[in-house]
Each structure stands twice: as structure tokens, then as C-alpha cells.
Amino acid sequence: MPSINDVAKLAQVSAATVSRSFRSPELLSAETLMRVAEAARELNYEPRGLRGEADSLRDEREVVSVGQQDAIGFQFLSQPGIERSQLNSFYSPMLMGAQEEAASCGFNMLIHTTDSQHLEKELPQMVLQRSIDGMVLVGGSNSGQYLSLFAEHLPHIILLDDHDPLRQFESVVSDGFGGMYRATQFLLELGHRRIAFFLGESEVRIYQDRMHGYAAALLDAGLVPTPELIIGNVVDASFESRESRLTNMLARSDRPTALLVANDDHALYVMRILRRMGMRAPEDISIIGFDNAALSLHSDPPLTTIAIDKEGMGRLAAKRLIARIRSPRQSVQLPVVNKVSTSLVVRQSCRPF
């Protein structure tokens, strides 16, 4: 049986912090809560004594705020192969915003993280035991395929950082279309005309929105987006094929003068490929990412990117969920996609052409 010290060691915090995360989570940062929740899940840790032996959590992969009345869930769906540090850096601000909004509305929040393989075997206890009134479901492209599982037990669900292709559930996303439209406009204003787009993963719906923003900006400027300049669309069956196409494109004498990338992680990956080929941004090609990840400020050169209001997204998701819980009759309407505005952050990875 794992101990609190085992959880503390895996999460790289003190045992007192682990205890505090279960008893007084409002005193800790969102990132610390996520680290403890992940460690507890991996070890299948079951703390005792929070509400007595009979009522203690059977599966403390959930981080429980004080009390059980007026509670909502915050469910992360992690993707295989994604490091925990990446998950924390991107979603922690969303969690913080959701926590603040829930607290201001008098709701407690239960937090759970799991991967898709585990979810196929067992739903979170907070769902099975119906200890929450609704859920914010977070997980990018993973969430849609599991909606029906959660919907069987929960009357209210809001998707965060993803939208339901069937439009049955309300969602909160960043304005990927508008953000990438602005990024493309910025490159056009710098004089670039041969602009490529690296999608990375064609199956991710929020990346598709960003690609559509890129294409629309080109069309509005009188330019036609060509398939040869879009890498990662459905024709690229694997990441290896996308990397091969990207490398070949960069090696050509008539390579694009600028490249838009669907997220910052992939943009930094492109910059590593450039260095491997003896090139760099912006001298050989201008690059713009998306997300304004922490590492984008410290890359070489610092990455021009599109910033997302992650805390605002979390607050809005919790606000919309609580509104549906409190006014169930009014919530019986066609679900909407709530888009949170984005902004261009100009750094040193672009130059005029």
C-alpha cells in the first residue's frame, strides 16, 4: 500500500503539501495540485481520515475541495506520450481560473486526471458516485470520443480547449481562427507572400481552426493557399512523413519565406530542425507559433506567437457550467462554442521580407 511519503516523493513535494492538497487545496497552486493528483493516480494512493473511514475516498486520483455540496468536476484527459510538465504548463492556468470562478460562485471543485486507456476501464469515482453536479472536460482532441461515457452519469458537461463536432455539448475554446488570421496578416504586412503552415496533427480540431484562419487570411489578401505549403494535413499519415515533408521543403532553394505552426511545441521542434540543417530563424525563414507557452520566451530566438487567455478560458468554462446547473431549463438550448480572444506577441523569430 503506497504511503503519503511515496506520493510526496513522486510529486517532488513535501508530505505536508500532499496532505494539504487533500484538505485545503485552495492554499496551493494549480500546478502543485496537478502534480499531487497525478502522483496519487499513478500510485493508486488512498488517503484516509478526510471524512472518516467509511466516507473516505476509494480512489484518490481525485483532489477534493472541502465538502461535497455544490461541487463540480474538472477532468483532465492526458494523451499517451505527453509529459506531465507539458500538461501542467498549459492547463494549470485554466485550472486556476476555473477554481477561482467556482469558489466565487460557492462551488467546490474535484480534480481528476487520467489517460484514455484507463478511462476505457473505469470512470472517475466522482462521476460514478454522482458527487458532482457537472463537469468541465479538458483534453484537446481526446474529449469527444468519451463524451457519451460521461453523459450517461452527468446532466451537465462543458468542453474546455475542444469543441464537440456534433454540437451536442457547449464548449470553451481559444479563437484559433482569429489568432492565426492575425498572425498571417502580420507576415503579409512584413512583405511575405510565400507562407507555409505546419499543422502537426490533422486530427486535432483546434489545430484545424487555426489552419482555416491561415487560409482565410491568404484568400482575403488575394493569395491562394496551396497543398504543397500545408504540412500535416490528412495526406500525411504519420509524424515521420510530416517531418520528411518539412525537411524537404526547408531544403529547397524556393522554400517559403515564412512558416506558421499550429502550436509552440511544434514551432520549437521546427527551429531545432532548422539548426540541424545549418539554418535558423528569422534569417532563413520567419516562424510564428501559437499558445504563448513559457518556453517560447526563452527559445533562440524568442518565438513570435499567439497568446491564449488560459485563465480566462478556465473561468468562462466554470461560469457556463454553473449557469447550466443553476438554470437547467434555460440550458436546454443548442450548445454554443464560446471563443476567447487571442493576441499576437511579437518577438524575434520574424523579419521583414
# chains A, B, ... in the order shown; residues from 1 in each chain; ligands from 1
call {"tool": "select_by_dssp", "arguments": {"residues": "region 182-352 of chain A", "states": "strand (DSSP E or B)", "output": "ChimeraX atom specification"}}
result
/A:195-198,230-231,258-261,286-288,291,304-308,337-340,342-345
call {"tool": "atom_distance", "arguments": {"atom1": "CA of Ser148 (chain A)", "atom2": "CA of Ser327 (chain A)"}}
result
22.2 Å
call {"tool": "atom_distance", "arguments": {"atom1": "CA of Ile288 (chain A)", "atom2": "CA of Phe90 (chain A)"}}
result
18.0 Å
call {"tool": "closest_atom_pairs", "arguments": {"of": "region 109-220 of chain A", "to": "region 246-268 of chain A", "cutoff": "9 Å", "atoms": "only C-alpha atoms", "output": "Markdown table"}}
result
| residue | atom | partner | partner_atom | distance |
| --- | --- | --- | --- | --- |
| A:Met180 | CA | A:Leu260 | CA | 8.1 |
| A:Ala183 | CA | A:Leu260 | CA | 7.8 |
| A:Thr184 | CA | A:Leu260 | CA | 7.6 |
| A:Leu187 | CA | A:Ala258 | CA | 7.4 |
| A:His192 | CA | A:Thr257 | CA | 6.4 |
| A:Arg193 | CA | A:Thr257 | CA | 7.6 |
| A:Arg194 | CA | A:Pro256 | CA | 5.0 |
| A:Ile195 | CA | A:Ala258 | CA | 4.9 |
| A:Ala196 | CA | A:Leu259 | CA | 4.7 |
| A:Phe197 | CA | A:Leu260 | CA | 4.7 |
| A:Phe198 | CA | A:Val261 | CA | 4.8 |
| A:Leu199 | CA | A:Ala262 | CA | 5.2 |
| A:Gly200 | CA | A:Ala262 | CA | 6.8 |
| A:Glu201 | CA | A:Ala262 | CA | 8.6 |
| A:Ile206 | CA | A:Ala262 | CA | 8.9 |
| A:Tyr207 | CA | A:Ala262 | CA | 5.7 |
| A:Gln208 | CA | A:Ala262 | CA | 8.5 |
| A:Arg210 | CA | A:Ala262 | CA | 6.6 |
| A:Met211 | CA | A:Ala262 | CA | 7.4 |
| A:Tyr214 | CA | A:Leu260 | CA | 8.1 |
call {"tool": "atom_distance", "arguments": {"atom1": "CA of Ala294 (chain A)", "atom2": "CA of Glu240 (chain A)"}}
result
26.3 Å
call {"tool": "residues_around", "arguments": {"residues": "Leu316 (chain A)", "least_positions_apart": "2", "cutoff": "8 Å", "atoms": "only C-alpha atoms", "output": "VMD selection string"}}
result
chain A and resid 98 101 172 312 to 314 318 to 320
call {"tool": "write_last_selection", "arguments": {"atoms": "N, CA and C atoms", "output": "mmCIF file, in the first residue's frame"}}
result
data_model
loop_
_atom_site.group_PDB
_atom_site.id
_atom_site.type_symbol
_atom_site.label_atom_id
_atom_site.label_comp_id
_atom_site.auth_asym_id
_atom_site.auth_seq_id
_atom_site.Cartn_x
_atom_site.Cartn_y
_atom_site.Cartn_z
ATOM 1 N N ALA A 98 -10.620 28.271 -13.395
ATOM 2 C CA ALA A 98 -11.851 27.545 -13.065
ATOM 3 C C ALA A 98 -12.056 27.476 -11.551
ATOM 4 N N GLU A 101 -13.284 30.888 -10.248
ATOM 5 C CA GLU A 101 -14.681 31.136 -10.599
ATOM 6 C C GLU A 101 -15.621 30.269 -9.773
ATOM 7 N N VAL A 172 -15.719 25.756 -24.575
ATOM 8 C CA VAL A 172 -14.947 26.990 -24.464
ATOM 9 C C VAL A 172 -13.599 26.739 -25.127
ATOM 10 N N GLY A 312 -8.670 32.931 -18.361
ATOM 11 C CA GLY A 312 -9.994 33.373 -18.789
ATOM 12 C C GLY A 312 -10.830 32.235 -19.334
ATOM 13 N N MET A 313 -10.186 31.318 -20.068
ATOM 14 C CA MET A 313 -10.910 30.153 -20.584
ATOM 15 C C MET A 313 -11.424 29.291 -19.435
ATOM 16 N N GLY A 314 -10.580 29.077 -18.426
ATOM 17 C CA GLY A 314 -10.995 28.274 -17.282
ATOM 18 C C GLY A 314 -12.143 28.911 -16.524
ATOM 19 N N ALA A 318 -16.040 27.297 -16.147
ATOM 20 C CA ALA A 318 -16.702 27.076 -14.858
ATOM 21 C C ALA A 318 -17.971 27.919 -14.752
ATOM 22 N N LYS A 319 -17.907 29.154 -15.240
ATOM 23 C CA LYS A 319 -19.070 30.040 -15.187
ATOM 24 C C LYS A 319 -20.233 29.478 -15.996
ATOM 25 N N ARG A 320 -19.951 28.994 -17.206
ATOM 26 C CA ARG A 320 -21.009 28.449 -18.048
ATOM 27 C C ARG A 320 -21.572 27.152 -17.460
#
call {"tool": "decode", "arguments": {"residues": "region 203-244 of chain A", "atoms": "N, CA and C atoms", "output": "JSON list (two decimals), in the first residue's frame"}}
result
[["chain", "number", "residue", "atom", "x", "y", "z"],
["A", 203, "GLU", "N", -5.74, 15.55, -36.91],
["A", 203, "GLU", "CA", -6.94, 15.10, -36.22],
["A", 203, "GLU", "C", -7.36, 16.02, -35.08],
["A", 204, "VAL", "N", -6.51, 16.97, -34.69],
["A", 204, "VAL", "CA", -6.84, 17.88, -33.60],
["A", 204, "VAL", "C", -7.69, 19.02, -34.14],
["A", 205, "ARG", "N", -8.93, 19.12, -33.65],
["A", 205, "ARG", "CA", -9.89, 20.07, -34.22],
["A", 205, "ARG", "C", -9.47, 21.52, -34.01],
["A", 206, "ILE", "N", -8.88, 21.83, -32.86],
["A", 206, "ILE", "CA", -8.49, 23.22, -32.62],
["A", 206, "ILE", "C", -7.34, 23.62, -33.55],
["A", 207, "TYR", "N", -6.52, 22.67, -33.99],
["A", 207, "TYR", "CA", -5.47, 22.98, -34.95],
["A", 207, "TYR", "C", -6.07, 23.23, -36.33],
["A", 208, "GLN", "N", -7.13, 22.53, -36.65],
["A", 208, "GLN", "CA", -7.81, 22.75, -37.93],
["A", 208, "GLN", "C", -8.38, 24.16, -37.99],
["A", 209, "ASP", "N", -8.93, 24.65, -36.87],
["A", 209, "ASP", "CA", -9.44, 26.02, -36.83],
["A", 209, "ASP", "C", -8.33, 27.01, -37.16],
["A", 210, "ARG", "N", -7.14, 26.75, -36.62],
["A", 210, "ARG", "CA", -6.01, 27.65, -36.86],
["A", 210, "ARG", "C", -5.58, 27.61, -38.32],
["A", 211, "MET", "N", -5.59, 26.42, -38.91],
["A", 211, "MET", "CA", -5.25, 26.32, -40.33],
["A", 211, "MET", "C", -6.26, 27.08, -41.19],
["A", 212, "HIS", "N", -7.53, 27.03, -40.82],
["A", 212, "HIS", "CA", -8.56, 27.73, -41.58],
["A", 212, "HIS", "C", -8.36, 29.25, -41.49],
["A", 213, "GLY", "N", -7.89, 29.73, -40.33],
["A", 213, "GLY", "CA", -7.60, 31.16, -40.19],
["A", 213, "GLY", "C", -6.47, 31.59, -41.11],
["A", 214, "TYR", "N", -5.45, 30.75, -41.21],
["A", 214, "TYR", "CA", -4.33, 31.00, -42.12],
["A", 214, "TYR", "C", -4.82, 31.07, -43.57],
["A", 215, "ALA", "N", -5.61, 30.09, -43.98],
["A", 215, "ALA", "CA", -6.10, 30.05, -45.36],
["A", 215, "ALA", "C", -6.98, 31.25, -45.67],
["A", 216, "ALA", "N", -7.85, 31.63, -44.71],
["A", 216, "ALA", "CA", -8.75, 32.75, -44.95],
["A", 216, "ALA", "C", -7.98, 34.06, -45.11],
["A", 217, "ALA", "N", -6.92, 34.25, -44.33],
["A", 217, "ALA", "CA", -6.12, 35.48, -44.43],
["A", 217, "ALA", "C", -5.44, 35.56, -45.79],
["A", 218, "LEU", "N", -4.94, 34.42, -46.29],
["A", 218, "LEU", "CA", -4.32, 34.42, -47.60],
["A", 218, "LEU", "C", -5.34, 34.75, -48.69],
["A", 219, "LEU", "N", -6.50, 34.15, -48.62],
["A", 219, "LEU", "CA", -7.53, 34.40, -49.62],
["A", 219, "LEU", "C", -7.97, 35.86, -49.61],
["A", 220, "ASP", "N", -8.11, 36.43, -48.42],
["A", 220, "ASP", "CA", -8.51, 37.83, -48.33],
["A", 220, "ASP", "C", -7.44, 38.76, -48.90],
["A", 221, "ALA", "N", -6.18, 38.28, -48.92],
["A", 221, "ALA", "CA", -5.08, 39.07, -49.48],
["A", 221, "ALA", "C", -4.89, 38.80, -50.96],
["A", 222, "GLY", "N", -5.76, 37.97, -51.55],
["A", 222, "GLY", "CA", -5.67, 37.67, -52.97],
["A", 222, "GLY", "C", -4.69, 36.56, -53.29],
["A", 223, "LEU", "N", -4.30, 35.78, -52.27],
["A", 223, "LEU", "CA", -3.38, 34.66, -52.47],
["A", 223, "LEU", "C", -4.12, 33.35, -52.29],
["A", 224, "VAL", "N", -3.70, 32.33, -53.01],
["A", 224, "VAL", "CA", -4.35, 31.02, -52.93],
["A", 224, "VAL", "C", -3.47, 30.07, -52.13],
["A", 225, "PRO", "N", -3.97, 29.56, -50.98],
["A", 225, "PRO", "CA", -3.19, 28.57, -50.22],
["A", 225, "PRO", "C", -3.06, 27.27, -51.02],
["A", 226, "THR", "N", -1.86, 26.77, -51.13],
["A", 226, "THR", "CA", -1.61, 25.57, -51.93],
["A", 226, "THR", "C", -1.29, 24.38, -51.04],
["A", 227, "PRO", "N", -1.73, 23.18, -51.40],
["A", 227, "PRO", "CA", -1.47, 21.98, -50.59],
["A", 227, "PRO", "C", 0.01, 21.74, -50.31],
["A", 228, "GLU", "N", 0.87, 22.10, -51.24],
["A", 228, "GLU", "CA", 2.30, 21.84, -51.04],
["A", 228, "GLU", "C", 2.89, 22.65, -49.88],
["A", 229, "LEU", "N", 2.19, 23.73, -49.49],
["A", 229, "LEU", "CA", 2.67, 24.57, -48.40],
["A", 229, "LEU", "C", 1.97, 24.27, -47.08],
["A", 230, "ILE", "N", 1.09, 23.29, -47.06],
["A", 230, "ILE", "CA", 0.41, 22.89, -45.82],
["A", 230, "ILE", "C", 0.90, 21.49, -45.43],
["A", 231, "ILE", "N", 1.66, 21.42, -44.36],
["A", 231, "ILE", "CA", 2.24, 20.15, -43.93],
["A", 231, "ILE", "C", 1.50, 19.65, -42.70],
["A", 232, "GLY", "N", 1.07, 18.39, -42.75],
["A", 232, "GLY", "CA", 0.35, 17.81, -41.63],
["A", 232, "GLY", "C", -1.13, 17.68, -41.90],
["A", 233, "ASN", "N", -1.55, 17.90, -43.14],
["A", 233, "ASN", "CA", -2.95, 17.70, -43.48],
["A", 233, "ASN", "C", -3.22, 16.20, -43.60],
["A", 234, "VAL", "N", -4.40, 15.83, -43.99],
["A", 234, "VAL", "CA", -4.80, 14.43, -43.97],
["A", 234, "VAL", "C", -3.91, 13.54, -44.84],
["A", 235, "VAL", "N", -3.22, 14.13, -45.81],
["A", 235, "VAL", "CA", -2.38, 13.29, -46.68],
["A", 235, "VAL", "C", -1.14, 12.78, -45.96],
["A", 236, "ASP", "N", -0.77, 13.42, -44.86],
["A", 236, "ASP", "CA", 0.40, 13.00, -44.10],
["A", 236, "ASP", "C", -0.05, 12.03, -43.01],
["A", 237, "ALA", "N", 0.14, 10.75, -43.25],
["A", 237, "ALA", "CA", -0.42, 9.73, -42.37],
["A", 237, "ALA", "C", 0.31, 9.62, -41.04],
["A", 238, "SER", "N", 1.58, 10.00, -40.96],
["A", 238, "SER", "CA", 2.35, 9.85, -39.73],
["A", 238, "SER", "C", 3.20, 11.07, -39.50],
["A", 239, "PHE", "N", 3.66, 11.21, -38.26],
["A", 239, "PHE", "CA", 4.51, 12.35, -37.95],
["A", 239, "PHE", "C", 5.83, 12.25, -38.70],
["A", 240, "GLU", "N", 6.28, 11.02, -38.95],
["A", 240, "GLU", "CA", 7.52, 10.83, -39.70],
["A", 240, "GLU", "C", 7.39, 11.40, -41.11],
["A", 241, "SER", "N", 6.23, 11.15, -41.75],
["A", 241, "SER", "CA", 6.03, 11.67, -43.10],
["A", 241, "SER", "C", 5.95, 13.19, -43.08],
["A", 242, "ARG", "N", 5.38, 13.75, -42.02],
["A", 242, "ARG", "CA", 5.30, 15.21, -41.91],
["A", 242, "ARG", "C", 6.69, 15.80, -41.73],
["A", 243, "GLU", "N", 7.50, 15.14, -40.91],
["A", 243, "GLU", "CA", 8.87, 15.62, -40.72],
["A", 243, "GLU", "C", 9.66, 15.55, -42.02],
["A", 244, "SER", "N", 9.47, 14.49, -42.77],
["A", 244, "SER", "CA", 10.17, 14.34, -44.04],
["A", 244, "SER", "C", 9.76, 15.44, -45.01]]
